[in-house]
file input-v3.txt (compact mmCIF, C-alpha atoms (C1' of nucleotides))
# COMPACT_ATOMS: atom_id res chain seq x y z
CA MET A 1 1.56 -33.38 -33.78
CA LYS A 2 1.25 -29.67 -32.99
CA ALA A 3 -1.32 -28.96 -35.71
CA LYS A 4 -3.98 -28.38 -33.12
CA SER A 5 -6.72 -25.87 -33.75
CA ALA A 6 -6.52 -24.48 -30.26
CA SER A 7 -3.31 -23.52 -28.54
CA THR A 8 -2.70 -24.63 -24.98
CA GLU A 9 -3.22 -21.09 -23.82
CA GLU A 10 -6.57 -20.87 -25.52
CA LYS A 11 -7.65 -24.24 -24.15
CA ILE A 12 -6.95 -23.09 -20.64
CA LYS A 13 -8.82 -19.85 -21.20
CA GLU A 14 -11.83 -21.63 -22.56
CA ALA A 15 -11.86 -24.08 -19.67
CA ALA A 16 -11.54 -21.18 -17.25
CA ARG A 17 -14.50 -19.43 -18.86
CA VAL A 18 -16.64 -22.50 -18.40
CA VAL A 19 -15.64 -23.35 -14.86
CA PHE A 20 -15.41 -19.85 -13.38
CA THR A 21 -18.78 -18.90 -14.87
CA LYS A 22 -20.37 -22.03 -13.49
CA LYS A 23 -18.82 -22.11 -10.04
CA GLY A 24 -17.55 -18.60 -9.34
CA TYR A 25 -13.99 -17.75 -8.36
CA ALA A 26 -13.90 -19.05 -4.81
CA ALA A 27 -15.40 -22.44 -5.53
CA THR A 28 -13.28 -23.01 -8.61
CA LYS A 29 -10.08 -24.98 -8.04
CA THR A 30 -7.21 -24.74 -10.43
CA ARG A 31 -7.45 -28.52 -10.71
CA ASP A 32 -11.03 -28.12 -11.99
CA ILE A 33 -9.85 -25.89 -14.80
CA ALA A 34 -6.95 -28.19 -15.69
CA GLU A 35 -9.35 -31.11 -15.80
CA GLU A 36 -11.86 -29.24 -17.93
CA ALA A 37 -9.04 -28.33 -20.31
CA GLY A 38 -7.63 -31.86 -20.28
CA LEU A 39 -4.21 -30.44 -19.45
CA ASN A 40 -1.61 -30.61 -16.75
CA LEU A 41 -2.25 -28.45 -13.67
CA ALA A 42 1.14 -26.71 -13.78
CA LEU A 43 0.34 -25.23 -17.17
CA LEU A 44 -2.05 -22.78 -15.59
CA ASN A 45 0.80 -21.13 -13.75
CA TYR A 46 3.16 -21.47 -16.69
CA TYR A 47 0.81 -19.57 -19.03
CA PHE A 48 -1.10 -17.31 -16.67
CA ARG A 49 1.03 -17.08 -13.51
CA SER A 50 -1.87 -17.40 -11.11
CA LYS A 51 -5.48 -18.36 -10.69
CA GLU A 52 -6.21 -14.71 -10.02
CA LYS A 53 -4.69 -13.51 -13.28
CA LEU A 54 -6.64 -16.09 -15.23
CA PHE A 55 -9.82 -15.05 -13.52
CA GLU A 56 -9.20 -11.41 -14.36
CA ILE A 57 -9.01 -12.21 -18.04
CA VAL A 58 -12.28 -14.09 -17.96
CA MET A 59 -13.94 -11.43 -15.86
CA ILE A 60 -12.97 -8.58 -18.14
CA GLU A 61 -14.35 -10.44 -21.14
CA ASN A 62 -17.58 -11.00 -19.30
CA LEU A 63 -17.92 -7.41 -18.23
CA GLN A 64 -17.53 -6.39 -21.85
CA LYS A 65 -20.29 -8.76 -22.77
CA LEU A 66 -22.66 -7.43 -20.16
CA PHE A 67 -21.90 -3.74 -20.21
CA ALA A 68 -19.95 -2.54 -23.20
CA PHE A 69 -22.22 -4.65 -25.37
CA LEU A 70 -24.95 -2.11 -24.74
CA ALA A 71 -23.04 1.05 -25.48
CA PRO A 72 -23.31 1.27 -29.28
CA THR A 73 -27.07 0.95 -29.30
CA LEU A 74 -27.58 3.21 -26.30
CA ASN A 75 -25.53 5.92 -27.97
CA ASP A 76 -26.81 5.56 -31.51
CA THR A 77 -28.34 8.94 -32.34
CA SER A 78 -30.14 7.66 -35.43
CA LEU A 79 -32.57 5.43 -33.55
CA SER A 80 -35.79 6.53 -31.88
CA LEU A 81 -36.36 5.63 -28.27
CA ASP A 82 -38.90 2.97 -29.20
CA LYS A 83 -36.58 1.44 -31.76
CA LYS A 84 -33.77 1.37 -29.22
CA ILE A 85 -35.85 -0.43 -26.68
CA VAL A 86 -36.81 -3.03 -29.25
CA THR A 87 -33.23 -3.42 -30.41
CA ILE A 88 -31.75 -3.62 -26.95
CA SER A 89 -34.38 -6.13 -25.85
CA ALA A 90 -33.78 -8.39 -28.83
CA ASN A 91 -30.01 -8.17 -28.78
CA TYR A 92 -29.63 -8.54 -25.08
CA ILE A 93 -31.94 -11.51 -24.84
CA ASP A 94 -30.08 -13.21 -27.68
CA MET A 95 -26.79 -12.58 -25.93
CA LEU A 96 -28.18 -13.90 -22.66
CA PHE A 97 -29.47 -17.03 -24.32
CA GLN A 98 -25.91 -17.77 -25.33
CA ASN A 99 -24.55 -16.94 -21.91
CA PRO A 100 -27.32 -17.74 -19.46
CA ASP A 101 -25.02 -18.00 -16.45
CA LEU A 102 -23.27 -14.75 -17.11
CA PRO A 103 -25.35 -12.22 -15.16
CA LEU A 104 -25.34 -14.13 -11.92
CA PHE A 105 -21.65 -14.87 -12.13
CA VAL A 106 -20.72 -11.28 -12.93
CA LEU A 107 -22.98 -9.69 -10.34
CA SER A 108 -21.76 -12.09 -7.72
CA GLU A 109 -18.11 -11.38 -8.40
CA ILE A 110 -18.64 -7.64 -8.61
CA ARG A 111 -20.26 -7.81 -5.22
CA THR A 112 -17.20 -9.57 -3.88
CA ARG A 113 -14.74 -6.95 -5.08
CA PRO A 114 -16.48 -3.93 -6.67
CA GLU A 115 -13.49 -1.61 -6.60
CA ARG A 116 -11.64 -3.99 -8.87
CA PHE A 117 -14.00 -3.47 -11.77
CA ALA A 118 -15.01 0.15 -11.56
CA GLY A 119 -12.58 1.24 -14.26
CA ILE A 120 -13.84 -1.40 -16.63
CA ILE A 121 -17.58 -1.05 -16.23
CA LYS A 122 -17.63 2.67 -17.03
CA LEU A 123 -21.27 3.00 -16.19
CA ASP A 124 -21.18 6.77 -16.38
CA THR A 125 -19.66 7.04 -19.83
CA TYR A 126 -21.52 4.37 -21.70
CA VAL A 127 -24.81 4.15 -19.90
CA LEU A 128 -25.74 6.95 -17.55
CA GLN A 129 -24.67 9.68 -19.95
CA SER A 130 -25.92 7.96 -23.06
CA HIS A 131 -28.21 9.29 -25.72
CA PHE A 132 -30.75 6.74 -24.60
CA MET A 133 -30.93 8.28 -21.15
CA GLN A 134 -31.38 11.69 -22.68
CA GLN A 135 -34.24 10.36 -24.78
CA ILE A 136 -35.95 9.01 -21.69
CA ARG A 137 -35.40 12.23 -19.81
CA GLU A 138 -37.10 14.18 -22.59
CA LYS A 139 -40.02 11.83 -22.61
CA LYS A 140 -40.60 11.74 -18.87
CA LYS A 141 -39.17 14.83 -17.31
CA LYS A 142 -40.43 14.24 -13.82
CA ILE A 143 -38.92 10.84 -13.24
CA ASN A 144 -35.24 9.93 -12.96
CA PRO A 145 -34.42 8.11 -16.22
CA VAL A 146 -32.38 5.58 -14.27
CA GLN A 147 -35.69 4.19 -13.06
CA PHE A 148 -36.63 3.12 -16.56
CA LEU A 149 -33.19 1.77 -17.28
CA ILE A 150 -33.30 -0.40 -14.17
CA SER A 151 -36.74 -1.66 -15.02
CA LEU A 152 -35.80 -2.48 -18.59
CA MET A 153 -32.60 -4.27 -17.64
CA GLY A 154 -34.33 -5.91 -14.71
CA MET A 155 -37.04 -7.35 -16.91
CA LEU A 156 -34.49 -8.55 -19.43
CA ILE A 157 -32.00 -10.08 -17.02
CA PHE A 158 -34.02 -11.24 -14.04
CA PRO A 159 -35.44 -14.38 -15.63
CA PHE A 160 -31.92 -15.58 -16.31
CA LEU A 161 -30.89 -14.88 -12.74
CA THR A 162 -33.83 -16.87 -11.40
CA ARG A 163 -33.78 -19.71 -13.87
CA PRO A 164 -32.54 -22.23 -11.27
CA VAL A 165 -35.42 -21.16 -9.03
CA PHE A 166 -37.95 -21.83 -11.72
CA GLN A 167 -36.28 -25.11 -12.48
CA THR A 168 -37.15 -26.30 -8.99
CA SER A 169 -40.76 -26.36 -10.15
CA SER A 170 -41.81 -29.36 -12.19
CA ALA A 171 -43.93 -27.03 -14.31
CA PHE A 172 -40.81 -25.54 -15.86
CA ASP A 173 -38.55 -27.29 -18.31
CA GLU A 174 -36.05 -25.90 -20.78
CA ALA A 175 -38.66 -25.46 -23.48
CA SER A 176 -40.99 -23.53 -21.17
CA PHE A 177 -38.21 -21.20 -20.20
CA THR A 178 -37.23 -20.59 -23.80
CA GLN A 179 -40.83 -19.95 -24.75
CA LEU A 180 -41.24 -17.55 -21.86
CA ILE A 181 -38.19 -15.54 -22.84
CA LYS A 182 -39.18 -15.37 -26.48
CA GLU A 183 -42.51 -13.90 -25.47
CA ARG A 184 -40.69 -11.33 -23.43
CA LYS A 185 -38.86 -10.07 -26.46
CA LYS A 186 -42.20 -8.72 -27.60
CA LEU A 187 -43.78 -7.93 -24.27
CA ILE A 188 -40.98 -5.92 -22.72
CA PRO A 189 -40.84 -3.21 -25.41
CA GLN A 190 -44.64 -2.95 -25.21
CA TRP A 191 -44.46 -2.61 -21.45
CA LEU A 192 -41.74 -0.01 -21.58
CA LYS A 193 -43.79 1.95 -24.03
CA SER A 194 -46.80 2.04 -21.75
CA MET A 195 -44.59 2.87 -18.78
CA LEU A 196 -43.23 5.84 -20.67
CA GLU A 197 -46.61 7.27 -21.54
CA MET B 1 -20.27 -14.41 34.06
CA LYS B 2 -22.74 -16.47 32.06
CA ALA B 3 -25.48 -13.85 32.14
CA LYS B 4 -25.06 -13.11 28.47
CA SER B 5 -27.99 -12.09 26.35
CA ALA B 6 -26.98 -14.28 23.47
CA SER B 7 -26.02 -17.89 23.81
CA THR B 8 -22.89 -19.17 22.14
CA GLU B 9 -25.02 -21.05 19.66
CA GLU B 10 -26.92 -17.92 18.73
CA LYS B 11 -23.74 -15.90 18.42
CA ILE B 12 -22.36 -18.39 15.94
CA LYS B 13 -25.58 -18.40 13.97
CA GLU B 14 -25.66 -14.65 13.77
CA ALA B 15 -22.05 -14.49 12.68
CA ALA B 16 -22.74 -17.14 10.08
CA ARG B 17 -25.68 -15.15 8.75
CA VAL B 18 -23.49 -12.13 8.30
CA VAL B 19 -20.49 -13.83 6.76
CA PHE B 20 -22.23 -16.36 4.53
CA THR B 21 -24.55 -13.69 3.17
CA LYS B 22 -21.67 -11.40 2.43
CA LYS B 23 -19.19 -13.89 1.00
CA GLY B 24 -21.19 -16.93 -0.07
CA TYR B 25 -20.51 -20.47 1.07
CA ALA B 26 -17.34 -21.24 -0.85
CA ALA B 27 -15.48 -18.09 0.03
CA THR B 28 -16.45 -18.23 3.68
CA LYS B 29 -13.92 -19.86 5.97
CA THR B 30 -14.96 -21.28 9.28
CA ARG B 31 -12.29 -19.05 10.78
CA ASP B 32 -14.11 -15.99 9.34
CA ILE B 33 -17.26 -16.97 11.18
CA ALA B 34 -15.44 -17.67 14.43
CA GLU B 35 -13.77 -14.28 14.18
CA GLU B 36 -17.04 -12.50 13.42
CA ALA B 37 -18.57 -14.20 16.44
CA GLY B 38 -15.54 -13.50 18.62
CA LEU B 39 -15.40 -17.15 19.58
CA ASN B 40 -13.10 -20.11 19.33
CA LEU B 41 -13.02 -21.91 16.00
CA ALA B 42 -13.71 -25.36 17.44
CA LEU B 43 -17.09 -24.20 18.76
CA LEU B 44 -18.50 -24.24 15.28
CA ASN B 45 -18.07 -27.99 15.10
CA TYR B 46 -19.10 -28.48 18.72
CA TYR B 47 -22.45 -26.75 18.18
CA PHE B 48 -23.15 -27.35 14.52
CA ARG B 49 -20.97 -30.31 13.52
CA SER B 50 -19.87 -28.84 10.20
CA LYS B 51 -19.66 -25.74 8.09
CA GLU B 52 -22.20 -27.34 5.79
CA LYS B 53 -24.78 -27.85 8.52
CA LEU B 54 -24.40 -24.30 9.68
CA PHE B 55 -24.83 -23.04 6.16
CA GLU B 56 -27.98 -25.06 5.73
CA ILE B 57 -29.57 -23.38 8.72
CA VAL B 58 -28.76 -19.94 7.39
CA MET B 59 -29.89 -20.82 3.92
CA ILE B 60 -33.26 -22.15 4.98
CA GLU B 61 -33.94 -18.99 6.95
CA ASN B 62 -33.04 -16.92 3.94
CA LEU B 63 -35.23 -18.89 1.60
CA GLN B 64 -38.13 -18.31 3.94
CA LYS B 65 -37.43 -14.62 3.85
CA LEU B 66 -37.34 -14.47 0.10
CA PHE B 67 -40.05 -16.90 -0.86
CA ALA B 68 -42.39 -17.83 1.94
CA PHE B 69 -42.52 -14.16 2.90
CA LEU B 70 -44.66 -13.59 -0.16
CA ALA B 71 -47.17 -16.34 0.27
CA PRO B 72 -49.68 -14.77 2.67
CA THR B 73 -50.20 -11.68 0.52
CA LEU B 74 -50.24 -13.60 -2.72
CA ASN B 75 -52.94 -15.89 -1.40
CA ASP B 76 -55.04 -13.35 0.45
CA THR B 77 -58.43 -13.54 -1.22
CA SER B 78 -59.69 -10.33 0.35
CA LEU B 79 -57.32 -8.05 -1.55
CA SER B 80 -57.83 -6.75 -5.07
CA LEU B 81 -55.06 -7.26 -7.59
CA ASP B 82 -54.07 -3.62 -7.44
CA LYS B 83 -53.96 -3.65 -3.67
CA LYS B 84 -51.83 -6.77 -3.73
CA ILE B 85 -49.33 -5.24 -6.05
CA VAL B 86 -49.04 -2.20 -3.82
CA THR B 87 -48.72 -4.31 -0.70
CA ILE B 88 -46.19 -6.70 -2.17
CA SER B 89 -44.13 -3.84 -3.54
CA ALA B 90 -44.04 -2.02 -0.23
CA ASN B 91 -43.45 -5.06 1.94
CA TYR B 92 -40.84 -6.60 -0.27
CA ILE B 93 -38.88 -3.41 -0.67
CA ASP B 94 -38.89 -2.89 3.08
CA MET B 95 -37.68 -6.43 3.61
CA LEU B 96 -34.96 -5.97 1.00
CA PHE B 97 -33.81 -2.74 2.59
CA GLN B 98 -33.13 -4.73 5.72
CA ASN B 99 -31.45 -7.53 3.85
CA PRO B 100 -29.92 -5.93 0.76
CA ASP B 101 -27.44 -8.76 0.17
CA LEU B 102 -29.99 -11.49 0.42
CA PRO B 103 -31.18 -11.90 -3.16
CA LEU B 104 -27.74 -12.21 -4.69
CA PHE B 105 -26.57 -14.60 -2.04
CA VAL B 106 -29.64 -16.83 -2.30
CA LEU B 107 -29.77 -16.90 -6.08
CA SER B 108 -26.09 -17.65 -6.24
CA GLU B 109 -26.29 -20.56 -3.82
CA ILE B 110 -29.43 -21.96 -5.46
CA ARG B 111 -27.57 -21.95 -8.71
CA THR B 112 -24.77 -23.93 -7.14
CA ARG B 113 -27.03 -26.68 -5.82
CA PRO B 114 -30.68 -26.24 -6.92
CA GLU B 115 -31.82 -29.74 -6.09
CA ARG B 116 -31.00 -29.09 -2.46
CA PHE B 117 -33.61 -26.40 -2.07
CA ALA B 118 -36.50 -27.50 -4.21
CA GLY B 119 -38.46 -28.88 -1.30
CA ILE B 120 -38.11 -25.66 0.62
CA ILE B 121 -38.88 -23.11 -2.05
CA LYS B 122 -42.26 -24.61 -2.96
CA LEU B 123 -42.71 -22.30 -5.87
CA ASP B 124 -45.72 -24.19 -7.15
CA THR B 125 -47.72 -24.15 -3.93
CA TYR B 126 -47.14 -20.62 -2.73
CA VAL B 127 -46.56 -18.69 -5.88
CA LEU B 128 -47.48 -20.30 -9.16
CA GLN B 129 -50.82 -21.58 -7.91
CA SER B 130 -51.62 -18.54 -5.83
CA HIS B 131 -54.71 -16.40 -5.87
CA PHE B 132 -52.56 -13.60 -7.18
CA MET B 133 -51.71 -15.56 -10.29
CA GLN B 134 -55.37 -16.33 -10.84
CA GLN B 135 -56.19 -12.65 -10.58
CA ILE B 136 -53.61 -11.85 -13.23
CA ARG B 137 -54.88 -14.62 -15.48
CA GLU B 138 -58.39 -13.20 -15.30
CA LYS B 139 -57.16 -9.74 -16.14
CA LYS B 140 -54.94 -10.70 -19.06
CA LYS B 141 -56.14 -13.97 -20.50
CA LYS B 142 -53.81 -14.08 -23.47
CA ILE B 143 -50.53 -13.75 -21.63
CA ASN B 144 -48.90 -16.25 -19.26
CA PRO B 145 -49.32 -14.71 -15.79
CA VAL B 146 -45.78 -15.76 -14.93
CA GLN B 147 -44.65 -12.98 -17.23
CA PHE B 148 -46.11 -10.36 -14.93
CA LEU B 149 -44.82 -12.07 -11.85
CA ILE B 150 -41.29 -12.08 -13.24
CA SER B 151 -41.51 -8.46 -14.24
CA LEU B 152 -42.85 -7.39 -10.86
CA MET B 153 -40.26 -9.35 -8.89
CA GLY B 154 -37.56 -8.32 -11.34
CA MET B 155 -38.31 -4.66 -10.88
CA LEU B 156 -38.39 -5.03 -7.12
CA ILE B 157 -35.27 -7.11 -6.71
CA PHE B 158 -32.99 -6.13 -9.56
CA PRO B 159 -31.80 -2.84 -8.09
CA PHE B 160 -30.58 -4.70 -5.02
CA LEU B 161 -28.78 -7.23 -7.16
CA THR B 162 -27.01 -4.50 -9.09
CA ARG B 163 -26.30 -2.15 -6.23
CA PRO B 164 -22.55 -2.83 -6.31
CA VAL B 165 -22.59 -2.03 -10.03
CA PHE B 166 -24.20 1.32 -9.42
CA GLN B 167 -21.78 1.99 -6.60
CA THR B 168 -18.93 1.90 -9.11
CA SER B 169 -20.31 5.18 -10.43
CA SER B 170 -19.44 8.30 -8.48
CA ALA B 171 -22.94 9.57 -9.20
CA PHE B 172 -24.39 6.99 -6.82
CA ASP B 173 -24.07 7.08 -3.06
CA GLU B 174 -26.14 5.40 -0.38
CA ALA B 175 -28.62 8.26 -0.24
CA SER B 176 -29.19 8.18 -4.01
CA PHE B 177 -29.83 4.48 -3.91
CA THR B 178 -32.29 4.82 -1.06
CA GLN B 179 -34.07 7.66 -2.80
CA LEU B 180 -34.27 5.65 -6.01
CA ILE B 181 -35.80 2.65 -4.26
CA LYS B 182 -38.33 4.76 -2.39
CA GLU B 183 -39.52 6.19 -5.66
CA ARG B 184 -39.90 2.72 -7.00
CA LYS B 185 -42.34 1.85 -4.27
CA LYS B 186 -44.74 4.20 -6.01
CA LEU B 187 -43.65 3.72 -9.59
CA ILE B 188 -43.72 -0.05 -9.75
CA PRO B 189 -47.39 -0.47 -8.86
CA GLN B 190 -48.24 2.24 -11.39
CA TRP B 191 -46.20 0.49 -14.03
CA LEU B 192 -47.73 -2.88 -13.31
CA LYS B 193 -51.14 -1.33 -13.60
CA SER B 194 -50.45 0.07 -17.04
CA MET B 195 -48.83 -3.21 -18.09
CA LEU B 196 -52.01 -5.03 -17.12
CA GLU B 197 -54.32 -2.79 -19.10
C1' DA C 1 -14.49 -30.18 48.64
C1' DT C 2 -15.52 -33.55 45.10
C1' DT C 3 -17.81 -35.33 41.18
C1' DT C 4 -19.95 -35.03 36.90
C1' DG C 5 -21.23 -33.34 32.65
C1' DA C 6 -21.10 -29.27 29.69
C1' DT C 7 -18.53 -25.89 27.50
C1' DT C 8 -14.40 -23.78 25.91
C1' DT C 9 -9.67 -23.64 24.41
C1' DA C 10 -5.47 -24.33 21.81
C1' DA C 11 -3.06 -27.43 19.42
C1' DA C 12 -2.82 -30.80 16.11
C1' DC C 13 -4.41 -33.43 12.19
C1' DA C 14 -5.51 -34.80 7.38
C1' DA C 15 -6.67 -33.22 3.28
C1' DA C 16 -7.02 -29.75 -0.06
C1' DT C 17 -5.19 -25.87 -2.67
C1' DG C 18 -2.39 -22.60 -5.42
C1' DA C 19 2.08 -22.46 -6.62
C1' DT C 20 6.91 -24.05 -7.47
C1' DT C 21 10.51 -27.08 -9.05
C1' DA C 22 13.30 -29.89 -11.81
C1' DA C 23 13.41 -33.17 -15.18
C1' DA C 24 11.61 -34.84 -19.44
C1' DT C 25 10.07 -33.93 -23.91
C1' DC C 26 9.38 -31.26 -27.95
C1' DA C 27 10.65 -28.30 -31.83
C1' DA C 28 13.54 -25.62 -34.52
C1' DA C 29 18.02 -24.17 -35.93
C1' DT C 30 22.63 -25.43 -36.90
C1' DA D 1 23.61 -35.36 -34.25
C1' DT D 2 23.80 -31.46 -31.14
C1' DT D 3 22.29 -27.31 -29.08
C1' DT D 4 18.98 -24.18 -27.45
C1' DG D 5 14.84 -22.50 -25.88
C1' DA D 6 9.97 -23.62 -25.30
C1' DT D 7 6.61 -26.55 -23.50
C1' DT D 8 4.93 -30.20 -20.70
C1' DT D 9 4.96 -33.35 -16.87
C1' DA D 10 4.77 -35.21 -12.25
C1' DA D 11 6.24 -34.53 -7.94
C1' DT D 12 6.77 -31.58 -4.26
C1' DC D 13 6.11 -27.61 -1.45
C1' DA D 14 4.04 -24.22 1.73
C1' DT D 15 -0.03 -22.69 3.17
C1' DT D 16 -4.76 -23.00 4.12
C1' DT D 17 -8.96 -25.22 5.55
C1' DG D 18 -12.50 -27.96 7.96
C1' DT D 19 -12.26 -31.00 11.47
C1' DT D 20 -10.68 -33.55 15.55
C1' DT D 21 -8.52 -34.14 19.94
C1' DA D 22 -7.39 -33.72 24.64
C1' DA D 23 -6.91 -30.77 28.27
C1' DA D 24 -8.62 -26.94 30.83
C1' DT D 25 -12.35 -24.53 32.69
C1' DC D 26 -16.98 -23.86 34.09
C1' DA D 27 -21.33 -24.90 36.47
C1' DA D 28 -24.34 -27.48 39.12
C1' DA D 29 -25.28 -31.12 42.25
C1' DT D 30 -23.89 -33.62 46.20
call {"tool": "encode", "arguments": {"input": "input-v3.txt", "output": "structure tokens"}}
result
Amino acid sequence: MKAKSASTEEKIKEAARVVFTKKGYAATKTRDIAEEAGLNLALLNYYFRSKEKLFEIVMIENLQKLFAFLAPTLNDTSLSLDKKIVTISANYIDMLFQNPDLPLFVLSEIRTRPERFAGIIKLDTYVLQSHFMQQIREKKKKINPVQFLISLMGMLIFPFLTRPVFQTSSAFDEASFTQLIKERKKLIPQWLKSMLE
Amino acid sequence: MKAKSASTEEKIKEAARVVFTKKGYAATKTRDIAEEAGLNLALLNYYFRSKEKLFEIVMIENLQKLFAFLAPTLNDTSLSLDKKIVTISANYIDMLFQNPDLPLFVLSEIRTRPERFAGIIKLDTYVLQSHFMQQIREKKKKINPVQFLISLMGMLIFPFLTRPVFQTSSAFDEASFTQLIKERKKLIPQWLKSMLE
DNA sequence: ATTTGATTTAAACAAATGATTAAATCAAAT
DNA sequence: ATTTGATTTAATCATTTGTTTAAATCAAAT
């Protein structure tokens, strides 16, 4: 009767991922997570000690997904700038399709307590001092390369942040959104290219 | 002793604007607002009946700022597409500088209860069916004009959404951020122009 | 000075929330 | 079958939260 595929601990984690990502930390009750997991409320404290500790685990995973996910491609010295932009666009959009609520959740929680996550994000190491940034700098010497990074990431992520806004319009259903994002996989690298010329 | 410039009601509203925008609805306690206003907790219910009602007032104001703010320029038939892009970029960035926390707060709350705000946002009327969108359609017939709208708004808004992320890097202080955004006022219209060619 | 209604105050309430507790149950070893 | 430690359960706790209540205070009219 204990031949379950998921341990209790893992069930709680998975439920926490779902509920925290959907509702954010403050609006998530421990009872919500217990219910989502189909388990007794007290188990959350038994396995994770506190709501806060559980949240931290979920948050660190999500930061990895959003930030560290980029590092290998950004720092790959064998790819041209154009190839990198194409690769990043494709990979990031695919990742976001699997985790559409992630950006808004993460940005919202970082805003609430930024100092808590500074050591994990490591923006300097993985992003700002990456090979990719060097490549941009060489291409456009007169403009801060961060400008292009922000625009690229903005164009990739923003539609996911505003999806609920677009869903308030009857002209936008799930299929429209998906279609729109698929088109962007092609458009964004083209746009970045013309911006860099 | 009642010759105050701000009425009690207005004081509460202003405090609510500050606290809700900073912390979001769920994490905001009525006691936080009372403290910010320097008033007695029970006054919130006396003047506004509930936390929810107070929030609604603040939220509607903020939606106007983010969405309706755009409508006049988008629908101004006397401006060329290029001029519109320049105007929107400048005006929106100025507005965001005064309300840097607004986008993240609004997007986050819309995500929590989108059906509540559909009637206020009026995306179809003011944005999707605007003169601006027609102008884009005429310029680039083969691409959904929403693509350009998303990219423009994404490039304008995204830096404000990710400001706390950038602040985790020691390379970014307030002055850097301001400088970066000022540059974008010029860069974004240029970029949009090349994207539309 | 008194009355009346409006506003403010501080305390209290009822429910919700994260956490704790102790007992029950399970699982493995002897 | 018993013991031991691990896990689970349901109840309880202590605190917090949005709201309500009743009294005090204010302000204007008489």
call {"tool": "residues_around", "arguments": {"input": "input-v3.txt", "residues": "A:Arg184", "least_positions_apart": "4", "cutoff": "8 Å", "atoms": "all atoms listed in the file", "output": "MDAnalysis selection string"}}
result
(chainID A and resid 156 180 188) or (chainID B and resid 147)
call {"tool": "closest_atom_pairs", "arguments": {"input": "input-v3.txt", "of": "chain D", "to": "chain B", "cutoff": "10 Å", "atoms": "all atoms listed in the file", "output": "tab-separated table"}}
result
residue	atom	partner	partner_atom	distance
D:DT16	C1'	B:Lys29	CA	9.9
D:DT17	C1'	B:Lys29	CA	7.3
D:DG18	C1'	B:Thr30	CA	7.2
D:DT19	C1'	B:Asn45	CA	7.5
D:DT20	C1'	B:Ala42	CA	8.9
D:DC26	C1'	B:Lys2	CA	9.6
D:DA27	C1'	B:Lys2	CA	9.6
call {"tool": "interface_residues", "arguments": {"input": "input-v3.txt", "of": "chain B", "to": "chain A", "cutoff": "6 Å", "atoms": "only C-alpha atoms", "output": "list in words"}}
result
Ala26, Ala27, Arg111, Ala118, Ser151, Gly154, Met155, Phe158, Pro164, Thr168, Trp191 and Met195 of chain B
call {"tool": "atom_distance", "arguments": {"input": "input-v3.txt", "atom1": "atom CA of A:Thr21", "atom2": "atom CA of A:Leu102"}}
result
6.5 Å
call {"tool": "residues_around", "arguments": {"input": "input-v3.txt", "residues": "C:DA24", "least_positions_apart": "4", "cutoff": "10 Å", "atoms": "only C-alpha atoms (C1' of nucleotides)", "output": "MDAnalysis selection string"}}
result
chainID D and resid 8:10
call {"tool": "interface_residues", "arguments": {"input": "input-v3.txt", "of": "chain B", "to": "chain C", "cutoff": "10 Å", "atoms": "only C-alpha atoms (C1' of nucleotides)", "output": "number ranges by chain"}}
result
B: 8, 39-43, 46
